[in-house]
file upload_21.pdb (PDB, N, CA and C atoms)
ATOM      1  N   MET C 172     167.626  48.731  83.495
ATOM      2  CA  MET C 172     167.485  47.658  84.450
ATOM      3  C   MET C 172     168.197  48.022  85.744
ATOM      4  N   ALA C 173     167.513  47.845  86.849
ATOM      5  CA  ALA C 173     168.108  48.104  88.161
ATOM      6  C   ALA C 173     168.895  46.876  88.607
ATOM      7  N   LYS C 174     170.022  47.119  89.290
ATOM      8  CA  LYS C 174     170.862  46.041  89.798
ATOM      9  C   LYS C 174     171.306  46.368  91.209
ATOM     10  N   ALA C 175     171.446  45.318  92.025
ATOM     11  CA  ALA C 175     172.040  45.425  93.356
ATOM     12  C   ALA C 175     173.323  44.617  93.306
ATOM     13  N   ILE C 176     174.462  45.263  93.639
ATOM     14  CA  ILE C 176     175.774  44.642  93.488
ATOM     15  C   ILE C 176     176.563  44.780  94.784
ATOM     16  N   TRP C 177     177.219  43.676  95.174
ATOM     17  CA  TRP C 177     178.110  43.701  96.340
ATOM     18  C   TRP C 177     179.250  42.726  96.098
ATOM     19  N   CYS C 178     180.457  43.151  96.395
ATOM     20  CA  CYS C 178     181.661  42.340  96.238
ATOM     21  C   CYS C 178     181.781  41.772  94.821
ATOM     22  N   GLY C 179     181.388  42.577  93.836
ATOM     23  CA  GLY C 179     181.522  42.174  92.451
ATOM     24  C   GLY C 179     180.454  41.224  91.947
ATOM     25  N   LYS C 180     179.482  40.881  92.767
ATOM     26  CA  LYS C 180     178.413  39.962  92.361
ATOM     27  C   LYS C 180     177.091  40.705  92.266
ATOM     28  N   THR C 181     176.318  40.368  91.258
ATOM     29  CA  THR C 181     174.974  40.923  91.125
ATOM     30  C   THR C 181     174.052  40.110  92.025
ATOM     31  N   ILE C 182     173.482  40.779  93.011
ATOM     32  CA  ILE C 182     172.601  40.137  93.984
ATOM     33  C   ILE C 182     171.166  40.103  93.470
ATOM     34  N   ALA C 183     170.779  41.153  92.727
ATOM     35  CA  ALA C 183     169.427  41.235  92.172
ATOM     36  C   ALA C 183     169.470  42.119  90.931
ATOM     37  N   GLU C 184     168.556  41.844  89.987
ATOM     38  CA  GLU C 184     168.413  42.716  88.821
ATOM     39  C   GLU C 184     167.006  42.568  88.272
ATOM     40  N   SER C 185     166.424  43.712  87.892
ATOM     41  CA  SER C 185     165.045  43.700  87.414
ATOM     42  C   SER C 185     164.691  45.001  86.700
ATOM     43  N   ASN C 186     163.778  44.880  85.772
ATOM     44  CA  ASN C 186     163.166  46.049  85.127
ATOM     45  C   ASN C 186     161.875  46.446  85.839
ATOM     46  N   ALA C 187     161.534  45.728  86.900
ATOM     47  CA  ALA C 187     160.245  45.951  87.562
ATOM     48  C   ALA C 187     160.403  46.294  89.037
ATOM     49  N   THR C 188     161.410  47.102  89.374
ATOM     50  CA  THR C 188     161.566  47.516  90.769
ATOM     51  C   THR C 188     160.517  48.572  91.120
ATOM     52  N   ILE C 189     160.303  48.732  92.406
ATOM     53  CA  ILE C 189     159.383  49.751  92.916
ATOM     54  C   ILE C 189     160.196  50.686  93.801
ATOM     55  N   ALA C 190     160.163  51.983  93.502
ATOM     56  CA  ALA C 190     160.900  52.967  94.291
ATOM     57  C   ALA C 190     160.028  53.467  95.439
ATOM     58  N   VAL C 191     160.541  53.337  96.656
ATOM     59  CA  VAL C 191     159.853  53.825  97.852
ATOM     60  C   VAL C 191     160.899  54.468  98.748
ATOM     61  N   GLU C 192     160.688  55.725  99.070
ATOM     62  CA  GLU C 192     161.567  56.474  99.970
ATOM     63  C   GLU C 192     163.039  56.370  99.563
ATOM     64  N   GLY C 193     163.309  56.445  98.273
ATOM     65  CA  GLY C 193     164.676  56.427  97.780
ATOM     66  C   GLY C 193     165.305  55.050  97.675
ATOM     67  N   ASN C 194     164.552  54.012  97.969
ATOM     68  CA  ASN C 194     165.048  52.638  97.868
ATOM     69  C   ASN C 194     164.362  51.917  96.711
ATOM     70  N   GLN C 195     165.129  51.068  96.031
ATOM     71  CA  GLN C 195     164.573  50.233  94.979
ATOM     72  C   GLN C 195     164.207  48.878  95.589
ATOM     73  N   TYR C 196     162.957  48.498  95.473
ATOM     74  CA  TYR C 196     162.490  47.199  95.946
ATOM     75  C   TYR C 196     162.418  46.263  94.741
ATOM     76  N   PHE C 197     163.191  45.179  94.820
ATOM     77  CA  PHE C 197     163.277  44.207  93.736
ATOM     78  C   PHE C 197     162.261  43.094  93.958
ATOM     79  N   PRO C 198     161.576  42.662  92.896
ATOM     80  CA  PRO C 198     160.692  41.506  93.048
ATOM     81  C   PRO C 198     161.502  40.310  93.556
ATOM     82  N   LEU C 199     160.912  39.522  94.415
ATOM     83  CA  LEU C 199     161.618  38.392  95.016
ATOM     84  C   LEU C 199     162.189  37.449  93.963
ATOM     85  N   ASP C 200     161.487  37.260  92.868
ATOM     86  CA  ASP C 200     161.997  36.340  91.838
ATOM     87  C   ASP C 200     163.162  36.918  91.044
ATOM     88  N   ALA C 201     163.519  38.183  91.280
ATOM     89  CA  ALA C 201     164.666  38.814  90.610
ATOM     90  C   ALA C 201     165.911  38.822  91.495
ATOM     91  N   VAL C 202     165.782  38.260  92.696
ATOM     92  CA  VAL C 202     166.885  38.239  93.658
ATOM     93  C   VAL C 202     167.551  36.870  93.616
ATOM     94  N   HIS C 203     168.871  36.852  93.554
ATOM     95  CA  HIS C 203     169.634  35.598  93.581
ATOM     96  C   HIS C 203     169.709  35.130  95.035
ATOM     97  N   LYS C 204     168.786  34.252  95.388
ATOM     98  CA  LYS C 204     168.592  33.866  96.782
ATOM     99  C   LYS C 204     169.780  33.125  97.392
ATOM    100  N   GLU C 205     170.677  32.612  96.555
ATOM    101  CA  GLU C 205     171.846  31.930  97.109
ATOM    102  C   GLU C 205     172.748  32.884  97.887
ATOM    103  N   PHE C 206     172.561  34.201  97.699
ATOM    104  CA  PHE C 206     173.358  35.196  98.420
ATOM    105  C   PHE C 206     172.679  35.668  99.703
ATOM    106  N   LEU C 207     171.443  35.228  99.954
ATOM    107  CA  LEU C 207     170.691  35.671 101.124
ATOM    108  C   LEU C 207     170.686  34.608 102.206
ATOM    109  N   LYS C 208     170.911  35.027 103.439
ATOM    110  CA  LYS C 208     170.858  34.148 104.600
ATOM    111  C   LYS C 208     169.898  34.758 105.611
ATOM    112  N   SER C 209     169.047  33.936 106.181
ATOM    113  CA  SER C 209     168.041  34.431 107.124
ATOM    114  C   SER C 209     168.667  35.160 108.309
ATOM    115  N   SER C 210     167.958  36.168 108.767
ATOM    116  CA  SER C 210     168.329  36.925 109.953
ATOM    117  C   SER C 210     167.101  37.005 110.853
ATOM    118  N   SER C 211     167.309  37.059 112.145
ATOM    119  CA  SER C 211     166.180  37.202 113.075
ATOM    120  C   SER C 211     165.838  38.665 113.340
ATOM    121  N   HIS C 212     166.602  39.581 112.741
ATOM    122  CA  HIS C 212     166.410  41.016 112.977
ATOM    123  C   HIS C 212     165.111  41.513 112.331
ATOM    124  N   THR C 213     164.413  42.396 113.036
ATOM    125  CA  THR C 213     163.231  43.071 112.501
ATOM    126  C   THR C 213     163.282  44.539 112.894
ATOM    127  N   SER C 214     162.509  45.343 112.197
ATOM    128  CA  SER C 214     162.335  46.750 112.563
ATOM    129  C   SER C 214     160.921  47.157 112.183
ATOM    130  N   GLU C 215     160.482  48.270 112.734
ATOM    131  CA  GLU C 215     159.115  48.739 112.503
ATOM    132  C   GLU C 215     159.099  50.043 111.723
ATOM    133  N   CYS C 216     158.225  50.118 110.756
ATOM    134  CA  CYS C 216     157.941  51.356 110.036
ATOM    135  C   CYS C 216     156.477  51.685 110.300
ATOM    136  N   PRO C 217     156.163  52.930 110.676
ATOM    137  CA  PRO C 217     154.776  53.258 111.016
ATOM    138  C   PRO C 217     153.787  53.060 109.869
ATOM    139  N   TRP C 218     154.241  53.206 108.622
ATOM    140  CA  TRP C 218     153.270  53.071 107.534
ATOM    141  C   TRP C 218     153.488  51.835 106.667
ATOM    142  N   LYS C 219     154.667  51.186 106.780
ATOM    143  CA  LYS C 219     154.909  49.964 105.983
ATOM    144  C   LYS C 219     154.715  48.696 106.806
ATOM    145  N   GLY C 220     154.968  48.749 108.100
ATOM    146  CA  GLY C 220     154.799  47.575 108.948
ATOM    147  C   GLY C 220     156.123  47.052 109.463
ATOM    148  N   THR C 221     156.192  45.735 109.700
ATOM    149  CA  THR C 221     157.379  45.098 110.246
ATOM    150  C   THR C 221     158.288  44.609 109.125
ATOM    151  N   ALA C 222     159.517  45.112 109.115
ATOM    152  CA  ALA C 222     160.520  44.675 108.138
ATOM    153  C   ALA C 222     161.293  43.504 108.725
ATOM    154  N   HIS C 223     161.546  42.525 107.878
ATOM    155  CA  HIS C 223     162.397  41.388 108.218
ATOM    156  C   HIS C 223     163.653  41.507 107.369
ATOM    157  N   TYR C 224     164.741  40.900 107.834
ATOM    158  CA  TYR C 224     166.035  41.116 107.191
ATOM    159  C   TYR C 224     166.703  39.824 106.742
ATOM    160  N   TYR C 225     167.624  39.989 105.806
ATOM    161  CA  TYR C 225     168.544  38.938 105.385
ATOM    162  C   TYR C 225     169.961  39.462 105.546
ATOM    163  N   HIS C 226     170.888  38.559 105.866
ATOM    164  CA  HIS C 226     172.304  38.851 105.715
ATOM    165  C   HIS C 226     172.616  38.578 104.242
ATOM    166  N   VAL C 227     173.563  39.302 103.674
ATOM    167  CA  VAL C 227     174.006  39.041 102.311
ATOM    168  C   VAL C 227     175.406  38.438 102.409
ATOM    169  N   GLU C 228     175.594  37.283 101.763
ATOM    170  CA  GLU C 228     176.884  36.595 101.799
ATOM    171  C   GLU C 228     177.411  36.393 100.384
ATOM    172  N   VAL C 229     178.654  36.819 100.178
ATOM    173  CA  VAL C 229     179.324  36.664  98.878
ATOM    174  C   VAL C 229     180.781  36.288  99.152
ATOM    175  N   GLY C 230     181.224  35.205  98.551
ATOM    176  CA  GLY C 230     182.633  34.822  98.641
ATOM    177  C   GLY C 230     183.177  34.733 100.044
ATOM    178  N   GLY C 231     182.378  34.222 100.982
ATOM    179  CA  GLY C 231     182.824  34.087 102.361
ATOM    180  C   GLY C 231     182.705  35.348 103.199
ATOM    181  N   MET C 232     182.268  36.451 102.587
ATOM    182  CA  MET C 232     182.061  37.698 103.331
ATOM    183  C   MET C 232     180.576  37.869 103.624
ATOM    184  N   GLN C 233     180.260  38.354 104.822
ATOM    185  CA  GLN C 233     178.863  38.552 105.212
ATOM    186  C   GLN C 233     178.595  40.012 105.530
ATOM    187  N   ASN C 234     177.506  40.531 105.012
ATOM    188  CA  ASN C 234     177.032  41.883 105.278
ATOM    189  C   ASN C 234     175.733  41.720 106.075
ATOM    190  N   ASP C 235     175.816  41.912 107.393
ATOM    191  CA  ASP C 235     174.688  41.647 108.278
ATOM    192  C   ASP C 235     173.505  42.571 108.016
ATOM    193  N   ASN C 236     172.336  41.959 107.924
ATOM    194  CA  ASN C 236     171.067  42.692 107.805
ATOM    195  C   ASN C 236     171.092  43.718 106.677
ATOM    196  N   ALA C 237     171.689  43.360 105.557
ATOM    197  CA  ALA C 237     171.863  44.298 104.445
ATOM    198  C   ALA C 237     170.719  44.271 103.439
ATOM    199  N   ALA C 238     169.763  43.374 103.641
ATOM    200  CA  ALA C 238     168.587  43.318 102.767
ATOM    201  C   ALA C 238     167.351  43.227 103.656
ATOM    202  N   TRP C 239     166.277  43.843 103.233
ATOM    203  CA  TRP C 239     165.053  43.776 104.033
ATOM    204  C   TRP C 239     163.833  43.639 103.140
ATOM    205  N   TYR C 240     162.770  43.152 103.767
ATOM    206  CA  TYR C 240     161.506  42.932 103.054
ATOM    207  C   TYR C 240     160.360  43.000 104.057
ATOM    208  N   TYR C 241     159.169  43.186 103.539
ATOM    209  CA  TYR C 241     157.963  43.258 104.365
ATOM    210  C   TYR C 241     157.059  42.090 103.977
ATOM    211  N   PRO C 242     157.073  41.001 104.748
ATOM    212  CA  PRO C 242     156.250  39.847 104.373
ATOM    213  C   PRO C 242     154.749  40.131 104.454
ATOM    214  N   GLU C 243     154.356  41.009 105.356
ATOM    215  CA  GLU C 243     152.947  41.391 105.514
ATOM    216  C   GLU C 243     152.860  42.909 105.668
ATOM    217  N   PRO C 244     153.119  43.666 104.594
ATOM    218  CA  PRO C 244     153.090  45.128 104.719
ATOM    219  C   PRO C 244     151.687  45.644 105.017
ATOM    220  N   LYS C 245     151.650  46.810 105.624
ATOM    221  CA  LYS C 245     150.368  47.473 105.839
ATOM    222  C   LYS C 245     149.769  47.860 104.480
ATOM    223  N   ALA C 246     148.496  48.177 104.468
ATOM    224  CA  ALA C 246     147.782  48.465 103.218
ATOM    225  C   ALA C 246     148.459  49.556 102.394
ATOM    226  N   ALA C 247     149.000  50.574 103.054
ATOM    227  CA  ALA C 247     149.631  51.688 102.335
ATOM    228  C   ALA C 247     150.872  51.255 101.560
ATOM    229  N   ALA C 248     151.454  50.119 101.946
ATOM    230  CA  ALA C 248     152.685  49.639 101.301
ATOM    231  C   ALA C 248     152.478  48.281 100.622
ATOM    232  N   ALA C 249     151.249  47.942 100.328
ATOM    233  CA  ALA C 249     150.935  46.622  99.766
ATOM    234  C   ALA C 249     151.742  46.297  98.509
ATOM    235  N   GLU C 250     152.104  47.309  97.738
ATOM    236  CA  GLU C 250     152.814  47.071  96.476
ATOM    237  C   GLU C 250     154.213  46.484  96.670
ATOM    238  N   ILE C 251     154.795  46.593  97.873
ATOM    239  CA  ILE C 251     156.150  46.057  98.071
ATOM    240  C   ILE C 251     156.154  44.667  98.698
ATOM    241  N   LYS C 252     154.999  44.055  98.839
ATOM    242  CA  LYS C 252     154.972  42.664  99.305
ATOM    243  C   LYS C 252     155.730  41.816  98.285
ATOM    244  N   ASN C 253     156.496  40.863  98.758
ATOM    245  CA  ASN C 253     157.315  39.986  97.909
ATOM    246  C   ASN C 253     158.395  40.745  97.145
ATOM    247  N   HIS C 254     158.894  41.825  97.761
ATOM    248  CA  HIS C 254     159.993  42.613  97.191
ATOM    249  C   HIS C 254     161.091  42.770  98.253
ATOM    250  N   VAL C 255     162.326  42.920  97.797
ATOM    251  CA  VAL C 255     163.489  43.033  98.686
ATOM    252  C   VAL C 255     164.256  44.303  98.342
ATOM    253  N   ALA C 256     164.707  45.030  99.361
ATOM    254  CA  ALA C 256     165.533  46.229  99.171
ATOM    255  C   ALA C 256     166.881  46.009  99.861
ATOM    256  N   PHE C 257     167.861  46.837  99.496
ATOM    257  CA  PHE C 257     169.228  46.660  99.975
ATOM    258  C   PHE C 257     169.805  47.969 100.491
ATOM    259  N   TRP C 258     170.808  47.859 101.370
ATOM    260  CA  TRP C 258     171.538  49.011 101.900
ATOM    261  C   TRP C 258     172.862  48.513 102.454
ATOM    262  N   LYS C 259     173.521  49.285 103.318
ATOM    263  CA  LYS C 259     174.758  48.904 103.997
ATOM    264  C   LYS C 259     175.878  48.535 103.019
ATOM    265  N   GLY C 260     176.086  49.393 102.028
ATOM    266  CA  GLY C 260     177.208  49.190 101.125
ATOM    267  C   GLY C 260     176.884  48.402  99.870
ATOM    268  N   ILE C 261     175.686  47.878  99.763
ATOM    269  CA  ILE C 261     175.291  47.204  98.539
ATOM    270  C   ILE C 261     174.897  48.287  97.553
ATOM    271  N   ARG C 262     175.606  48.337  96.428
ATOM    272  CA  ARG C 262     175.378  49.381  95.429
ATOM    273  C   ARG C 262     174.142  49.029  94.606
ATOM    274  N   VAL C 263     173.212  49.966  94.559
ATOM    275  CA  VAL C 263     172.008  49.784  93.742
ATOM    276  C   VAL C 263     172.069  50.789  92.606
ATOM    277  N   GLU C 264     172.088  50.273  91.407
ATOM    278  CA  GLU C 264     172.086  51.094  90.192
ATOM    279  C   GLU C 264     170.688  51.029  89.608
ATOM    280  N   ALA C 265     170.049  52.172  89.560
ATOM    281  CA  ALA C 265     168.661  52.197  89.057
ATOM    282  C   ALA C 265     168.628  52.667  87.616
TER     283      ALA C 265
END
call {"tool": "encode", "arguments": {"input": "upload_21.pdb", "output": "structure tokens"}}
result
Amino acid sequence: MAKAIWCGKTIAESNATIAVEGNQYFPLDAVHKEFLKSSSHTSECPWKGTAHYYHVEVGGMQNDNAAWYYPEPKAAAAEIKNHVAFWKGIRVEA
């Protein structure tokens, strides 16, 4: 089972992650949404599309833009729709 952990809390865990470019994408229903806060930040990937971000908050600490997702991925990345990936110090154990 893959897990995303930050500040001692499990942010997401699933047996159904999708690996893309070295990142584990967790199904949205496997993410503990109480740790996610909306962000207005976006970025562009030429083959996946526009990524949107969440801040991750645990115990009063915030990790800005530490989770991302593609709400409308391009066709080549359709499999990661409704999935979330993590970075910026969030430990992902696959």
call {"tool": "atom_distance", "arguments": {"input": "upload_21.pdb", "atom1": "atom CA of Gly230 of chain C", "atom2": "atom N of Asn186 of chain C"}}
result
24.9 Å
call {"tool": "resolve_selection", "arguments": {"input": "upload_21.pdb", "expression": "the PyMOL selection byres (((chain C and resi 183 and name CA) around 6) and name CA)", "output": "PyMOL selection string"}}
result
chain C and resi 174-175+181-182+184+201-203
call {"tool": "resolve_selection", "arguments": {"input": "upload_21.pdb", "expression": "the PyMOL selection byres ((chain C and resi 205-209) around 6)", "output": "list of chain:residue names"}}
result
C:His203, C:Lys204, C:Ser210, C:Ser211, C:Tyr224, C:Tyr225, C:His226, C:Val227, C:Glu228, C:Val229
call {"tool": "select_by_dssp", "arguments": {"input": "upload_21.pdb", "residues": "segment 187-241 of chain C", "states": "helix (DSSP H, G or I)", "output": "list in words"}}
result
Leu199, Asp200, Ala201, Lys204, Glu205 and Phe206 of chain C
call {"tool": "write_last_selection", "arguments": {"input": "upload_21.pdb", "atoms": "N, CA and C atoms", "output": "PDB file, keeping the file's coordinate frame"}}
result
ATOM      1  N   LEU C 199     160.912  39.522  94.415  1.00  0.00           N
ATOM      2  CA  LEU C 199     161.618  38.392  95.016  1.00  0.00           C
ATOM      3  C   LEU C 199     162.189  37.449  93.963  1.00  0.00           C
ATOM      4  N   ASP C 200     161.487  37.260  92.868  1.00  0.00           N
ATOM      5  CA  ASP C 200     161.997  36.340  91.838  1.00  0.00           C
ATOM      6  C   ASP C 200     163.162  36.918  91.044  1.00  0.00           C
ATOM      7  N   ALA C 201     163.519  38.183  91.280  1.00  0.00           N
ATOM      8  CA  ALA C 201     164.666  38.814  90.610  1.00  0.00           C
ATOM      9  C   ALA C 201     165.911  38.822  91.495  1.00  0.00           C
ATOM     10  N   LYS C 204     168.786  34.252  95.388  1.00  0.00           N
ATOM     11  CA  LYS C 204     168.592  33.866  96.782  1.00  0.00           C
ATOM     12  C   LYS C 204     169.780  33.125  97.392  1.00  0.00           C
ATOM     13  N   GLU C 205     170.677  32.612  96.555  1.00  0.00           N
ATOM     14  CA  GLU C 205     171.846  31.930  97.109  1.00  0.00           C
ATOM     15  C   GLU C 205     172.748  32.884  97.887  1.00  0.00           C
ATOM     16  N   PHE C 206     172.561  34.201  97.699  1.00  0.00           N
ATOM     17  CA  PHE C 206     173.358  35.196  98.420  1.00  0.00           C
ATOM     18  C   PHE C 206     172.679  35.668  99.703  1.00  0.00           C
TER      19      PHE C 206
END
call {"tool": "resolve_selection", "arguments": {"input": "upload_21.pdb", "expression": "the PyMOL selection byres ((chain C and resi 259) around 8)", "output": "ChimeraX atom specification"}}
result
/C:234-238,257-258,260-262
call {"tool": "atom_distance", "arguments": {"input": "upload_21.pdb", "atom1": "atom CA of Asn194 of chain C", "atom2": "atom CA of Gln233 of chain C"}}
result
21.1 Å
call {"tool": "residues_around", "arguments": {"input": "upload_21.pdb", "residues": "Glu192 of chain C", "least_positions_apart": "6", "cutoff": "12 Å", "atoms": "only C-alpha atoms", "output": "list in words"}}
result
Cys216, Trp218, Lys219, Ala248, Ile251 and Ala256 of chain C
call {"tool": "residues_around", "arguments": {"input": "upload_21.pdb", "residues": "Asn253 of chain C", "least_positions_apart": "2", "cutoff": "7 Å", "atoms": "only C-alpha atoms", "output": "number ranges by chain"}}
result
C: 198-199, 242, 251, 255
call {"tool": "closest_residue", "arguments": {"input": "upload_21.pdb", "among": "C:Trp239, C:Ala187, C:Gly220, C:Gly231", "to": "His254 of chain C", "atoms": "all atoms listed in the file"}}
result
C:Trp239
call {"tool": "closest_residue", "arguments": {"input": "upload_21.pdb", "among": "C:Ala265, C:Ala222, C:Asp200, C:Ser214", "to": "Met172 of chain C", "atoms": "only C-alpha atoms"}}
result
C:Ala265
call {"tool": "atom_distance", "arguments": {"input": "upload_21.pdb", "atom1": "atom CA of Ala249 of chain C", "atom2": "atom CA of Glu264 of chain C"}}
result
23.6 Å
call {"tool": "decode", "arguments": {"input": "upload_21.pdb", "residues": "segment 195-241 of chain C", "atoms": "C-alpha atoms", "output": "PDB file, in the first residue's frame"}}
result
ATOM      1  CA  GLN C 195       2.504   8.277  -7.156  1.00  0.00           C
ATOM      2  CA  TYR C 196      -0.955   9.635  -7.974  1.00  0.00           C
ATOM      3  CA  PHE C 197      -3.489   8.693  -5.301  1.00  0.00           C
ATOM      4  CA  PRO C 198      -7.184   8.306  -6.110  1.00  0.00           C
ATOM      5  CA  LEU C 199      -9.066  11.293  -4.711  1.00  0.00           C
ATOM      6  CA  ASP C 200     -11.157   9.075  -2.439  1.00  0.00           C
ATOM      7  CA  ALA C 201      -7.932   7.781  -0.805  1.00  0.00           C
ATOM      8  CA  VAL C 202      -6.828  11.277   0.249  1.00  0.00           C
ATOM      9  CA  HIS C 203      -7.747  12.642   3.688  1.00  0.00           C
ATOM     10  CA  LYS C 204      -9.213  15.898   2.431  1.00  0.00           C
ATOM     11  CA  GLU C 205      -9.213  17.533   5.862  1.00  0.00           C
ATOM     12  CA  PHE C 206      -5.460  18.079   5.318  1.00  0.00           C
ATOM     13  CA  LEU C 207      -5.921  19.828   1.944  1.00  0.00           C
ATOM     14  CA  LYS C 208      -6.568  23.547   1.522  1.00  0.00           C
ATOM     15  CA  SER C 209      -7.296  25.155  -1.836  1.00  0.00           C
ATOM     16  CA  SER C 210      -4.555  27.066  -3.611  1.00  0.00           C
ATOM     17  CA  SER C 211      -4.861  29.379  -6.610  1.00  0.00           C
ATOM     18  CA  HIS C 212      -1.504  28.164  -7.974  1.00  0.00           C
ATOM     19  CA  THR C 213      -1.390  26.372 -11.340  1.00  0.00           C
ATOM     20  CA  SER C 214       1.324  25.092 -13.651  1.00  0.00           C
ATOM     21  CA  GLU C 215       1.430  23.695 -17.167  1.00  0.00           C
ATOM     22  CA  CYS C 216       2.684  20.344 -18.395  1.00  0.00           C
ATOM     23  CA  PRO C 217       2.914  19.947 -22.188  1.00  0.00           C
ATOM     24  CA  TRP C 218       1.439  16.446 -22.174  1.00  0.00           C
ATOM     25  CA  LYS C 219      -0.666  16.342 -18.965  1.00  0.00           C
ATOM     26  CA  GLY C 220      -2.274  19.793 -19.084  1.00  0.00           C
ATOM     27  CA  THR C 221      -2.907  22.340 -16.328  1.00  0.00           C
ATOM     28  CA  ALA C 222      -2.071  21.233 -12.784  1.00  0.00           C
ATOM     29  CA  HIS C 223      -3.945  22.744  -9.861  1.00  0.00           C
ATOM     30  CA  TYR C 224      -2.557  22.703  -6.335  1.00  0.00           C
ATOM     31  CA  TYR C 225      -3.482  22.272  -2.694  1.00  0.00           C
ATOM     32  CA  HIS C 226      -1.652  23.454   0.389  1.00  0.00           C
ATOM     33  CA  VAL C 227      -1.213  20.635   2.916  1.00  0.00           C
ATOM     34  CA  GLU C 228      -1.973  21.567   6.532  1.00  0.00           C
ATOM     35  CA  VAL C 229      -1.195  19.399   9.563  1.00  0.00           C
ATOM     36  CA  GLY C 230      -1.181  20.496  13.195  1.00  0.00           C
ATOM     37  CA  GLY C 231      -1.102  24.204  12.380  1.00  0.00           C
ATOM     38  CA  MET C 232       1.770  23.814   9.896  1.00  0.00           C
ATOM     39  CA  GLN C 233       1.237  24.565   6.202  1.00  0.00           C
ATOM     40  CA  ASN C 234       3.194  23.185   3.250  1.00  0.00           C
ATOM     41  CA  ASP C 235       2.333  25.500   0.343  1.00  0.00           C
ATOM     42  CA  ASN C 236       1.367  23.921  -2.974  1.00  0.00           C
ATOM     43  CA  ALA C 237       2.578  20.502  -1.817  1.00  0.00           C
ATOM     44  CA  ALA C 238      -0.149  18.513  -3.583  1.00  0.00           C
ATOM     45  CA  TRP C 239      -1.287  18.742  -7.181  1.00  0.00           C
ATOM     46  CA  TYR C 240      -3.915  17.296  -9.473  1.00  0.00           C
ATOM     47  CA  TYR C 241      -5.163  17.605 -13.040  1.00  0.00           C
TER      48      TYR C 241
END
